[in-house]
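The block underneath contains the structure these notes are about, expressed in structure tokens.
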Amino acid sequence: MLEGELSDPRIAPSYVTDVVLAPGGKSARIYVAVYGSEAEEESTLAGLMTARAYIRSQLRDRMGVRHVPELTFAIDRSERMTGRMDELFERMRKRGKKIGIPTEATP
């Protein structure tokens with residue numbers, strides 16, 4: 001649905017990274033990664049929150065179930081954080097500090 005069915009211009013190119021279903025299945029948190037700036041992340045989140053009734057109805061129709069959990073959306077910044085941590089570790093390696101991560105695998 002994120003790839004073209006939602007016509008809200010606030011929704012930037014994005015993809016679902018994880019869905020966490022609460023015990024009992026009454027609610028679900030959907031983590032979304034957005035290609036773009038923090039402003040685009042916030043506008044995408046607002047657009048998804050506005051479209052969640054439509055998304056629930058589409059899920060109900062496509063899955064053929066009676067109950068679809070209440071949806072909440074959250075921005076997943078884990079890839080961005082992982083990239084930043086890799087950058088910092090690389091800087092530390094270049095400076096010659098030992099950080100407990102092997103630089104190369106030895107046979």
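Identifiers in the structure tokens: chain A, B, ... in order shown; residue index from 1 per chain; ligand index from 1 in order shown.
DSSP annotation of chain A from backbone atoms: strand (DSSP E or B) residues are Ser14, Tyr15, Val16, Thr17, Asp18, Val19, Val20, Leu21, Ser27, Ala28, Arg29, Ile30, Tyr31, Val32, Ala33, Val34, Glu70, Leu71, Thr72, Phe73, Ala74 and Ile75 of chain A.
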Neighbour list for stretch 73-76 of chain A as JSON, numbers by chain, cut-off 12 Å, only C-alpha atoms, skip fewer than 3 positions in-chain: {"A": [14, 15, 16, 17, 18, 19, 20, 27, 28, 29, 30, 31, 32, 33, 34, 35, 36, 37, 38, 39, 40, 41, 42, 43, 44, 45, 46, 47, 48, 49, 50, 51, 52, 55, 70, 79, 80, 81, 82]}
Interatomic distance (Å, one decimal) between atom CA of A:Gly25 and atom CA of A:Val68: 8.2 Å
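These are the residues of stretch 36-73 of chain A assigned helix (DSSP H, G or I) by DSSP from backbone coordinates: Glu38, Ala39, Glu40, Glu41, Glu42, Ser43, Thr44, Leu45, Ala46, Gly47, Leu48, Met49, Thr50, Ala51, Arg52, Ala53, Tyr54, Ile55, Arg56, Ser57, Gln58, Leu59, Arg60, Asp61, Arg62 and Met63 of chain A.
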